[in-house]
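Peer 1: Contents of coords.txt (compact mmCIF, C-alpha atoms) are given next:
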# COMPACT_ATOMS: atom_id res chain seq x y z
CA MET T 14 254.20 -15.96 20.18
CA VAL T 15 253.76 -15.65 16.43
CA GLU T 16 253.97 -12.05 15.26
CA LYS T 17 250.88 -10.78 13.45
CA THR T 18 251.40 -9.90 9.82
CA ILE T 19 249.54 -8.15 7.03
CA ILE T 20 249.81 -8.39 3.24
CA LEU T 21 250.65 -5.37 1.11
CA GLU T 22 249.84 -5.65 -2.60
CA VAL T 23 252.21 -3.19 -4.19
CA PHE T 24 252.11 -1.81 -7.74
CA ARG T 25 255.33 -2.64 -9.55
CA TYR T 26 256.52 -1.15 -12.83
CA HIS T 27 260.00 -1.02 -14.28
CA PRO T 28 260.13 1.26 -17.36
CA ASP T 29 262.94 -0.67 -19.08
CA GLN T 30 261.61 -4.16 -18.35
CA ASP T 31 257.81 -4.01 -18.18
CA GLU T 32 255.22 -3.29 -20.84
CA GLU T 33 252.44 -3.40 -18.25
CA PRO T 34 252.58 -2.96 -14.48
CA LYS T 35 251.80 -5.79 -12.06
CA PHE T 36 251.10 -6.23 -8.36
CA GLN T 37 253.53 -7.92 -5.99
CA SER T 38 252.44 -9.22 -2.58
CA PHE T 39 254.60 -8.71 0.48
CA GLU T 40 253.97 -10.01 4.01
CA VAL T 41 255.03 -7.45 6.62
CA PRO T 42 254.81 -7.33 10.43
CA LEU T 43 251.59 -5.79 11.69
CA LYS T 44 252.88 -3.45 14.39
CA THR T 45 250.37 -1.12 16.05
CA ASP T 46 252.45 2.00 15.49
CA TRP T 47 253.46 1.24 11.91
CA VAL T 48 252.27 3.24 8.94
CA VAL T 49 252.33 2.15 5.29
CA LEU T 50 255.68 3.95 4.92
CA ASP T 51 257.18 1.75 7.68
CA ALA T 52 255.90 -1.30 5.81
CA LEU T 53 257.46 -0.07 2.55
CA ASN T 54 260.77 0.62 4.31
CA HIS T 55 260.64 -2.88 5.82
CA ILE T 56 260.03 -4.35 2.36
CA LYS T 57 262.93 -2.40 0.88
CA ASP T 58 265.28 -3.24 3.76
CA GLN T 59 264.40 -6.90 4.29
CA ILE T 60 262.58 -8.33 1.28
CA ASP T 61 263.04 -6.51 -2.03
CA GLY T 62 265.57 -3.69 -2.31
CA THR T 63 264.37 -2.76 -5.79
CA LEU T 64 261.06 -1.31 -4.54
CA SER T 65 261.10 2.40 -5.36
CA TYR T 66 259.07 5.16 -3.69
CA ARG T 67 259.43 8.73 -2.48
CA TRP T 68 259.50 9.74 1.17
CA SER T 69 261.33 12.14 3.44
CA CYS T 70 260.10 13.63 6.71
CA ARG T 71 257.84 10.66 7.67
CA MET T 72 255.69 13.09 9.66
CA GLY T 73 253.28 14.67 7.20
CA VAL T 74 255.00 17.96 6.44
CA CYS T 75 257.12 17.39 3.35
CA GLY T 76 254.51 16.09 0.92
CA SER T 77 256.83 13.49 -0.66
CA CYS T 78 255.09 10.20 0.15
CA GLY T 79 251.70 10.59 -1.52
CA MET T 80 250.27 7.35 -2.92
CA MET T 81 246.97 5.47 -3.33
CA VAL T 82 246.26 3.26 -0.33
CA ASN T 83 243.23 1.03 -0.97
CA GLY T 84 242.10 3.45 -3.63
CA GLU T 85 242.38 6.59 -1.47
CA PRO T 86 245.06 9.23 -1.98
CA LYS T 87 247.03 9.28 1.26
CA LEU T 88 250.41 10.19 2.67
CA SER T 89 251.99 6.79 3.31
CA CYS T 90 253.45 8.22 6.52
CA ALA T 91 249.95 9.00 7.76
CA ALA T 92 248.19 5.72 6.86
CA PHE T 93 248.29 3.38 9.86
CA LEU T 94 248.40 -0.36 9.09
CA LYS T 95 246.04 -1.07 12.01
CA ASP T 96 243.30 0.94 10.29
CA TYR T 97 243.11 -1.60 7.46
CA GLY T 98 241.83 -4.59 9.43
CA ASP T 99 243.23 -7.90 8.25
CA GLY T 100 244.28 -6.41 4.91
CA PRO T 101 245.43 -6.88 2.26
CA ILE T 102 246.40 -3.27 1.65
CA GLN T 103 246.72 -2.23 -1.97
CA VAL T 104 249.40 0.41 -2.59
CA LYS T 105 249.51 2.18 -5.93
CA PRO T 106 251.15 5.34 -7.25
CA LEU T 107 249.11 8.58 -7.19
CA SER T 108 246.25 8.50 -9.73
CA HIS T 109 246.18 10.80 -12.76
CA PHE T 110 249.97 11.03 -13.02
CA PRO T 111 252.27 9.03 -15.32
CA VAL T 112 254.29 6.43 -13.42
CA GLU T 113 258.06 6.75 -13.56
CA ARG T 114 258.73 3.49 -11.71
CA ASP T 115 256.86 1.48 -9.03
CA LEU T 116 255.27 4.11 -6.74
CA ILE T 117 257.08 7.09 -8.21
CA VAL T 118 255.08 9.44 -10.45
CA VAL T 119 256.15 12.11 -12.92
CA LEU T 120 255.63 15.49 -11.24
CA ASP T 121 256.45 17.78 -14.16
CA ASP T 122 252.90 18.87 -15.01
CA PHE T 123 252.17 19.88 -11.43
CA MET T 124 255.49 21.71 -11.06
CA GLU T 125 254.86 23.70 -14.24
CA LYS T 126 251.40 24.73 -13.11
CA LEU T 127 252.66 25.90 -9.72
CA VAL T 128 255.09 28.23 -11.46
CA GLN T 129 252.54 29.46 -14.02
CA ILE T 130 250.20 30.96 -11.42
CA LYS T 131 252.96 33.30 -10.16
CA PRO T 132 253.30 32.09 -6.55
CA TYR T 133 255.01 35.21 -5.21
CA ILE T 134 254.11 38.73 -4.10
CA VAL T 135 253.55 40.84 -7.20
CA ARG T 136 253.63 44.61 -6.75
CA LYS T 137 252.66 47.27 -9.29
CA GLU T 138 255.23 49.41 -7.51
CA GLU T 139 257.78 48.16 -5.02
CA LYS T 140 258.12 50.11 -1.79
CA SER T 141 261.54 51.64 -1.32
CA LEU T 142 263.60 50.44 1.65
CA GLU T 143 263.23 53.81 3.38
CA ASP T 144 259.45 53.34 3.46
CA GLY T 145 259.90 50.28 5.65
CA GLU T 146 258.34 46.82 5.60
CA TYR T 147 254.95 45.73 4.28
CA ARG T 148 252.83 45.57 7.43
CA GLN T 149 250.13 42.97 7.80
CA SER T 150 247.67 42.51 10.65
CA PRO T 151 246.73 39.10 12.11
CA ALA T 152 243.29 39.53 10.54
CA GLU T 153 244.83 40.13 7.11
CA LEU T 154 247.03 37.06 7.56
CA ALA T 155 244.05 34.95 8.61
CA ARG T 156 242.36 35.64 5.27
CA PHE T 157 244.85 33.58 3.31
CA LYS T 158 246.71 31.51 5.92
CA PRO T 159 244.91 28.17 5.35
CA PHE T 160 245.76 28.37 1.63
CA SER T 161 249.44 28.85 2.52
CA MET T 162 249.62 25.53 4.36
CA CYS T 163 249.86 23.41 1.20
CA ILE T 164 252.73 20.91 1.23
CA ASN T 165 252.44 20.15 -2.49
CA CYS T 166 251.69 16.49 -1.85
CA MET T 167 249.35 16.27 -4.88
CA LEU T 168 246.74 14.12 -3.13
CA CYS T 169 244.17 16.66 -4.33
CA TYR T 170 245.13 16.08 -7.98
CA SER T 171 244.63 12.35 -7.51
CA ALA T 172 241.26 12.91 -5.87
CA CYS T 173 240.07 15.30 -8.58
CA PRO T 174 238.22 13.49 -11.39
CA VAL T 175 238.34 16.64 -13.52
CA TYR T 176 242.14 16.57 -13.51
CA GLY T 177 242.01 12.90 -14.42
CA LEU T 178 239.74 13.64 -17.39
CA GLU T 179 241.26 17.00 -18.41
CA PRO T 180 245.03 17.09 -17.86
CA ASP T 181 245.08 20.78 -18.88
CA PHE T 182 243.17 21.70 -15.73
CA ILE T 183 245.40 23.87 -13.54
CA GLY T 184 244.21 21.89 -10.54
CA PRO T 185 243.32 22.38 -6.87
CA ALA T 186 246.73 23.04 -5.27
CA ALA T 187 247.90 25.53 -7.91
CA LEU T 188 244.59 27.42 -7.81
CA ALA T 189 244.60 27.47 -4.00
CA LEU T 190 248.12 28.87 -4.12
CA ALA T 191 247.01 31.55 -6.60
CA GLN T 192 244.16 32.45 -4.24
CA ARG T 193 246.67 32.55 -1.34
CA TYR T 194 248.52 35.33 -3.12
CA ASN T 195 245.40 37.06 -4.41
CA LEU T 196 244.12 37.37 -0.84
CA ASP T 197 247.48 38.49 0.57
CA SER T 198 247.15 42.18 1.50
CA ARG T 199 250.71 42.81 0.30
CA ASP T 200 249.99 41.47 -3.19
CA GLU T 201 248.80 43.47 -6.20
CA GLY T 202 249.05 40.71 -8.78
CA ARG T 203 245.49 39.42 -9.00
CA GLU T 204 244.89 40.88 -12.44
CA GLU T 205 248.08 39.26 -13.74
CA ARG T 206 247.03 35.89 -12.39
CA GLN T 207 243.48 36.16 -13.71
CA GLN T 208 244.53 35.36 -17.26
CA LEU T 209 245.35 31.83 -16.19
CA VAL T 210 243.21 31.48 -13.06
CA ALA T 211 239.98 32.66 -14.71
CA SER T 212 240.63 30.80 -17.94
CA SER T 213 238.77 27.69 -19.06
CA GLU T 214 241.68 25.58 -17.74
CA GLY T 215 241.50 27.41 -14.42
CA ILE T 216 238.70 27.80 -11.90
CA TRP T 217 235.95 27.37 -14.50
CA GLU T 218 237.02 23.78 -15.22
CA CYS T 219 236.18 22.90 -11.61
CA THR T 220 232.77 21.34 -10.97
CA PHE T 221 233.09 21.41 -7.17
CA VAL T 222 233.29 17.68 -6.60
CA GLY T 223 234.98 18.66 -3.34
CA GLU T 224 237.17 15.58 -2.96
CA CYS T 225 240.33 17.69 -3.13
CA SER T 226 239.41 19.30 0.20
CA ALA T 227 238.35 15.94 1.64
CA VAL T 228 241.75 14.29 1.07
CA CYS T 229 243.99 17.27 1.91
CA PRO T 230 246.18 16.31 4.89
CA LYS T 231 246.76 19.97 5.85
CA HIS T 232 243.14 21.20 5.68
CA VAL T 233 243.98 23.72 2.99
CA GLU T 234 240.48 23.46 1.46
CA PRO T 235 241.41 24.04 -2.19
CA ALA T 236 237.78 23.58 -3.24
CA SER T 237 236.89 26.58 -1.10
CA ALA T 238 239.71 28.62 -2.65
CA ILE T 239 238.43 27.85 -6.13
CA GLN T 240 234.78 28.67 -5.36
CA GLN T 241 235.83 31.94 -3.68
CA ALA T 242 237.80 32.78 -6.81
CA LYS T 243 234.72 32.03 -8.92
CA VAL T 244 232.60 34.40 -6.81
CA ALA T 245 235.26 37.13 -7.05
CA SER T 246 235.66 36.69 -10.82
CA THR T 247 231.89 36.77 -11.35
CA LEU T 248 231.57 39.95 -9.28
CA ASP T 249 234.38 41.44 -11.41
CA TRP T 250 232.38 40.65 -14.53
CA PHE T 251 229.37 42.55 -13.18
CA LYS T 252 231.44 45.44 -11.82
CA GLU T 253 233.08 45.96 -15.20
CA ARG T 254 229.67 46.53 -16.71
CA ILE T 255 228.46 49.05 -14.15
CA PRO T 256 230.26 52.34 -14.91
CA PHE T 257 230.78 53.74 -11.42
CA LEU T 258 231.83 50.36 -10.03
CA ALA T 259 234.30 49.47 -12.77
CA PRO T 260 237.86 49.10 -11.42
CA LYS T 261 240.32 51.72 -12.64
CA HIS T 262 243.06 50.16 -14.72
CA ASN T 263 246.55 51.63 -14.44
CA GLY T 264 248.05 51.89 -17.92
CA MET Y 79 264.97 6.69 -22.52
CA PRO Y 80 262.65 5.34 -19.81
CA LYS Y 81 258.97 5.42 -20.72
CA PRO Y 82 256.54 6.45 -17.98
CA TYR Y 83 253.43 4.31 -17.68
CA LYS Y 84 250.27 6.25 -18.46
CA GLN Y 85 247.61 5.30 -15.90
CA LYS Y 86 244.17 4.96 -17.43
CA MET Y 87 241.07 6.43 -15.85
CA SER Y 88 238.17 3.98 -15.64
CA LYS Y 89 235.09 4.89 -17.69
CA THR Y 90 233.00 4.20 -14.61
CA TRP Y 91 235.19 6.27 -12.26
CA TRP Y 92 232.06 7.96 -10.93
CA LEU Y 93 230.82 4.63 -9.53
CA ASP Y 94 234.07 3.84 -7.75
CA HIS Y 95 233.74 6.07 -4.69
CA PRO Y 96 230.76 7.18 -2.54
CA ALA Y 97 231.79 10.84 -2.86
CA TYR Y 98 231.84 10.58 -6.65
CA ARG Y 99 228.44 8.83 -6.68
CA LEU Y 100 226.91 11.58 -4.56
CA PHE Y 101 228.53 14.19 -6.82
CA MET Y 102 226.98 12.61 -9.92
CA LEU Y 103 223.54 12.47 -8.26
CA ARG Y 104 223.89 16.13 -7.32
CA GLU Y 105 224.75 17.03 -10.90
CA LEU Y 106 221.89 14.87 -12.22
CA SER Y 107 219.45 16.69 -9.93
CA GLY Y 108 219.90 19.79 -12.10
CA VAL Y 109 218.48 17.90 -15.07
CA PHE Y 110 215.33 16.94 -13.18
CA ILE Y 111 214.85 20.50 -11.95
CA ALA Y 112 215.16 21.71 -15.55
CA VAL Y 113 212.54 19.17 -16.63
CA TYR Y 114 210.21 20.40 -13.88
CA PHE Y 115 210.72 23.95 -15.11
CA LEU Y 116 209.55 22.80 -18.57
CA ILE Y 117 206.48 21.15 -17.01
CA LEU Y 118 205.65 24.42 -15.26
CA VAL Y 119 206.20 26.44 -18.47
CA ASN Y 120 203.86 24.05 -20.29
CA ILE Y 121 201.16 24.57 -17.64
CA MET Y 122 201.64 28.36 -17.69
CA SER Y 123 201.40 28.44 -21.50
CA LYS Y 124 197.81 27.23 -21.14
CA ALA Y 125 196.90 29.95 -18.62
CA GLY Y 126 194.53 31.75 -20.98
CA GLU Y 127 192.71 28.61 -22.14
CA PRO Y 128 190.61 27.07 -19.31
CA GLU Y 129 189.80 23.87 -21.23
CA ALA Y 130 193.37 23.15 -22.28
CA LEU Y 131 194.59 23.98 -18.75
CA ALA Y 132 192.06 21.60 -17.15
CA GLU Y 133 193.07 18.85 -19.59
CA CYS Y 134 196.77 19.40 -18.90
CA LEU Y 135 196.31 19.32 -15.13
CA ALA Y 136 194.08 16.23 -15.36
CA SER Y 137 196.71 14.36 -17.35
CA LEU Y 138 199.33 15.27 -14.75
CA ARG Y 139 197.16 13.83 -11.95
CA THR Y 140 197.84 10.24 -13.04
CA GLY Y 141 199.96 7.47 -11.52
CA PRO Y 142 203.14 7.73 -13.62
CA TRP Y 143 203.23 11.54 -13.36
CA TYR Y 144 202.75 11.41 -9.56
CA LEU Y 145 205.70 9.04 -9.39
CA PHE Y 146 207.80 11.27 -11.63
CA HIS Y 147 206.96 14.28 -9.44
CA LEU Y 148 208.13 12.34 -6.39
CA VAL Y 149 211.41 11.67 -8.17
CA ILE Y 150 211.71 15.36 -9.07
CA LEU Y 151 210.97 16.29 -5.44
CA ALA Y 152 213.65 13.90 -4.16
CA PHE Y 153 216.23 15.35 -6.55
CA SER Y 154 215.17 18.93 -5.69
CA LEU Y 155 215.70 18.20 -1.99
CA LEU Y 156 219.10 16.66 -2.73
CA HIS Y 157 220.02 19.68 -4.83
CA THR Y 158 218.95 22.12 -2.11
CA VAL Y 159 220.56 20.33 0.83
CA THR Y 160 223.90 19.69 -0.93
CA TRP Y 161 224.29 23.18 -2.36
CA PHE Y 162 223.15 25.02 0.78
CA ASP Y 163 225.66 22.89 2.74
CA LEU Y 164 228.42 23.91 0.34
CA ALA Y 165 227.52 27.62 0.29
CA PRO Y 166 229.88 28.50 3.22
CA LYS Y 167 232.78 27.18 1.12
CA ALA Y 168 232.13 29.87 -1.49
CA ILE Y 169 230.90 32.67 0.77
CA VAL Y 170 233.49 33.54 3.41
CA ILE Y 171 232.70 36.45 5.71
CA PRO Y 172 235.79 37.42 7.74
CA LEU Y 173 235.21 38.52 11.33
CA GLY Y 174 238.58 39.78 12.53
CA GLU Y 175 240.86 36.78 12.67
CA ASP Y 176 237.90 34.40 12.52
CA ARG Y 177 235.07 34.00 10.07
CA LEU Y 178 231.30 33.81 10.31
CA PRO Y 179 230.51 30.14 11.10
CA GLY Y 180 229.21 28.21 8.10
CA ILE Y 181 225.94 27.37 9.82
CA PHE Y 182 224.86 31.02 9.53
CA ILE Y 183 225.53 31.07 5.79
CA THR Y 184 223.62 27.80 5.27
CA GLY Y 185 220.87 29.00 7.63
CA ALA Y 186 220.53 32.27 5.74
CA HIS Y 187 219.93 30.27 2.56
CA TYR Y 188 217.10 28.28 4.16
CA VAL Y 189 215.59 31.44 5.66
CA GLY Y 190 215.80 33.14 2.27
CA MET Y 191 214.19 30.15 0.56
CA GLY Y 192 211.39 30.15 3.14
CA ALA Y 193 210.81 33.89 2.80
CA ILE Y 194 210.69 33.77 -1.00
CA SER Y 195 208.38 30.75 -0.93
CA LEU Y 196 205.99 32.53 1.45
CA ALA Y 197 206.08 35.64 -0.72
CA VAL Y 198 205.26 33.64 -3.85
CA ILE Y 199 202.43 31.79 -2.12
CA TRP Y 200 201.02 35.06 -0.71
CA PHE Y 201 201.34 36.76 -4.11
CA PHE Y 202 199.29 34.04 -5.77
CA GLY Y 203 196.53 34.51 -3.21
CA VAL Y 204 196.74 31.20 -1.38
CA PHE Y 205 196.16 33.03 1.89
CA SER Y 206 193.14 34.97 0.66
Could you quickly redo this structure as structure tokens?
Peer 2:
Amino acid sequence: MVEKTIILEVFRYHPDQDEEPKFQSFEVPLKTDWVVLDALNHIKDQIDGTLSYRWSCRMGVCGSCGMMVNGEPKLSCAAFLKDYGDGPIQVKPLSHFPVERDLIVVLDDFMEKLVQIKPYIVRKEEKSLEDGEYRQSPAELARFKPFSMCINCMLCYSACPVYGLEPDFIGPAALALAQRYNLDSRDEGREERQQLVASSEGIWECTFVGECSAVCPKHVEPASAIQQAKVASTLDWFKERIPFLAPKHNG
Amino acid sequence: MPKPYKQKMSKTWWLDHPAYRLFMLRELSGVFIAVYFLILVNIMSKAGEPEALAECLASLRTGPWYLFHLVILAFSLLHTVTWFDLAPKAIVIPLGEDRLPGIFITGAHYVGMGAISLAVIWFFGVFS
């Protein structure tokens, strides 16, 4: 019995050898339980050991294996070969990022933006140890929990045409993370984050295409985070102009 | 020093995916609604001059204008349906550990639109 196979057309680029990238075709076994990551591992083990790509947990929690599969940003560990018919399956590195080599992209821009939005609890005044822990009810947790589920896989950045056109855009994941902290009842850092979040590179660059939420493997809904931030920022703008509603600023 | 390859974004990126195409149509709908607003302003500017108003309305009751109005109507419907559908993404009403289901937010928009439309029609004496 001849084993069924499928063709993968994989983006290849070697920074020291190639001026332009090219596609290389590989024939891999078409097993019903195989994902694109299994196919890539098969290629690397059996056919071409120079193929380079990121992966780790192979179960959709680490965020390492993001790539474009037939033009869609996907985790290669979550894209089943059997869902692509007879193939061929085109595998490319994540869109909108520079390519280091083959399927590996340069993450620096994303990493910097994550740090810039201050992804940690910011307090105006820390509680002393004697005062005990910061208590949080299940309802308070539920307000921001979906936004905390991000695995930093960057599929949303590849899906976002605004990020592709405007590399300064802070982007869906970073803004969702900022909203995660802004909505956390223990946090008091919203004002500090606003400078970046409510800037022209922040939420206001977003035109609500919505594809970031559509491709997110963890149902974080970054588009929702951004629109909620827009509503909150707009209400701030009005409140500041109505004397008795204006927030009191400390110092 | 290795040089990363800078991926280029296609100039027709908005044609490449159904979600992007729908997004562009949604954005375009705003333009048609703005044009309709100008048509209405033009009609209203002739409110005090019965002859000019009659002439304006008569010219709008011709084939090409009917067609254009159908196009405007189609885009207005697209605009309404897409944005009302998206409203729950921006308006989150927490209910304990859950939230108010999106259908109520979207529904409230349609109810509001209906109520305002009825109020406008009543105000302009259509029911009298």
Peer 1: Residues of chain T within 6 Å of chain Y, counting all atoms listed in the file, what are they? List them as a tab-separated table (two decimals) with C-alpha atoms, keeping the file's coordinate frame.
Peer 2:
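The file below, part-v8.tsv, is the result:
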chain	number	residue	atom	x	y	z
T	28	PRO	CA	260.13	1.26	-17.36
T	111	PRO	CA	252.27	9.03	-15.32
T	112	VAL	CA	254.29	6.43	-13.42
T	113	GLU	CA	258.06	6.75	-13.56
T	152	ALA	CA	243.29	39.53	10.54
T	155	ALA	CA	244.05	34.95	8.61
T	222	VAL	CA	233.29	17.68	-6.60
T	237	SER	CA	236.89	26.58	-1.10
T	240	GLN	CA	234.78	28.67	-5.36
T	241	GLN	CA	235.83	31.94	-3.68
Peer 1: Using CA of Val149 (chain Y) and CA of Ser107 (chain Y) as the two end points, give the distance in Å to one decimal.
Peer 2: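 It comes out at 9.6 Å.
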Peer 1: Find the residue from T:Arg203, T:Lys44, T:Lys231, T:Arg193 that sits nearest to Arg136 (chain T); use only C-alpha atoms when measuring.
Peer 2: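 Among the listed residues, the smallest separation from Arg136 (chain T) belongs to T:Arg203.
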Peer 1: Counting all atoms listed in the file, which of T:Phe221, T:Trp250, T:Tyr176, T:Phe160 gets nearest to Leu196 (chain T)?
Peer 2: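 Selected residue with least distance to Leu196 (chain T): T:Phe160.
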Peer 1: Could you give me, as CSV, every region 82-199 of chain T residue with an atom at most 9 Å from region 31-41 of chain T, plus its closest atom pair and distance in Å to one decimal, counting only C-alpha atoms, rows ordered by chain then number?
Peer 2:
residue,atom,partner,partner_atom,distance
T:Pro101,CA,T:Ser38,CA,8.8
T:Gln103,CA,T:Phe36,CA,8.7
T:Val104,CA,T:Phe36,CA,9.0
T:Lys105,CA,T:Phe36,CA,8.9
T:Asp115,CA,T:Pro34,CA,8.2
Peer 1: At what distance in Å, to one decimal, does CA of Gly100 (chain T) lie from CA of Asp58 (chain T)?
Peer 2: 21.3 Å
Peer 1: As a PDB file with C-alpha atoms, in the frame of the given file, please: the residues near Glu179 (chain T) (cut-off 10 Å, all atoms listed in the file, same-chain neighbours under 6 positions excluded).
Peer 2:
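New file result11.pdb:
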ATOM      1  CA  HIS T 109     246.180  10.800 -12.760  1.00  0.00           C
ATOM      2  CA  GLU T 214     241.680  25.580 -17.740  1.00  0.00           C
ATOM      3  CA  GLU T 218     237.020  23.780 -15.220  1.00  0.00           C
TER       4      GLU T 218
END
Peer 1: Taking (223.2, 28.1, 8.5) as a centre in this file's frame and 12 Å as the limit, can you find every polymer residue with an atom that close, using all atoms listed in the file, and give them as an NGL selection string?
Peer 2: :Y and (159 or 161-166 or 169 or 178-190)
Peer 1: Please, could you write that set of residues out with C-alpha atoms as an mmCIF file, in the coordinates of the input?
Peer 2:
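File result_24.cif, as written:
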data_model
loop_
_atom_site.group_PDB
_atom_site.id
_atom_site.type_symbol
_atom_site.label_atom_id
_atom_site.label_comp_id
_atom_site.auth_asym_id
_atom_site.auth_seq_id
_atom_site.Cartn_x
_atom_site.Cartn_y
_atom_site.Cartn_z
ATOM 1 C CA VAL Y 159 220.560 20.330 0.830
ATOM 2 C CA TRP Y 161 224.290 23.180 -2.360
ATOM 3 C CA PHE Y 162 223.150 25.020 0.780
ATOM 4 C CA ASP Y 163 225.660 22.890 2.740
ATOM 5 C CA LEU Y 164 228.420 23.910 0.340
ATOM 6 C CA ALA Y 165 227.520 27.620 0.290
ATOM 7 C CA PRO Y 166 229.880 28.500 3.220
ATOM 8 C CA ILE Y 169 230.900 32.670 0.770
ATOM 9 C CA LEU Y 178 231.300 33.810 10.310
ATOM 10 C CA PRO Y 179 230.510 30.140 11.100
ATOM 11 C CA GLY Y 180 229.210 28.210 8.100
ATOM 12 C CA ILE Y 181 225.940 27.370 9.820
ATOM 13 C CA PHE Y 182 224.860 31.020 9.530
ATOM 14 C CA ILE Y 183 225.530 31.070 5.790
ATOM 15 C CA THR Y 184 223.620 27.800 5.270
ATOM 16 C CA GLY Y 185 220.870 29.000 7.630
ATOM 17 C CA ALA Y 186 220.530 32.270 5.740
ATOM 18 C CA HIS Y 187 219.930 30.270 2.560
ATOM 19 C CA TYR Y 188 217.100 28.280 4.160
ATOM 20 C CA VAL Y 189 215.590 31.440 5.660
ATOM 21 C CA GLY Y 190 215.800 33.140 2.270
#
Peer 1: Please determine, counting only C-alpha atoms, which residue among T:Ile183, T:Leu178, T:Cys163, T:Val118 has the shortest atom-to-atom distance to His232 (chain T).
Peer 2: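 Of all the options, T:Cys163 lies closest to His232 (chain T).
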Peer 1: Can you work out the spacing between CA of Ile164 (chain T) and CA of Val119 (chain T) in Å, to one decimal?
Peer 2: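 If I compute the distance from CA of Ile164 (chain T) to CA of Val119 (chain T), I get 17.0 Å.
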Peer 1: Smallest atom-to-atom distance to Glu224 (chain T): which of T:Leu248, T:Met124, T:Val48, T:Ala236, using only C-alpha atoms?
Peer 2: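 Smallest separation from Glu224 (chain T) among the options: T:Ala236.
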Peer 1: For Lys87 (chain T), work out the shell of residues within 12 Å, counting all atoms listed in the file and skipping chain neighbours fewer than 5 positions away, then give it as a PyMOL selection string.
Peer 2: chain T and resi 48-50+73+76-82+92-93+103-108+166-172+225+227-231
Peer 1: Given the choices Y:Ala125, Y:Leu106, Y:Ile117, Y:Ile194, which gets closest to Ala152 (chain Y) if the distance is worked out from all atoms listed in the file?
Peer 2: Y:Leu106
Peer 1: Could you give me, as a ChimeraX atom specification, the residues within 12 Å of His147 (chain Y), counting all atoms listed in the file and dropping anything in the same chain fewer than 2 positions from it?
Peer 2: /Y:110-111,113-115,117-118,138-145,149-154
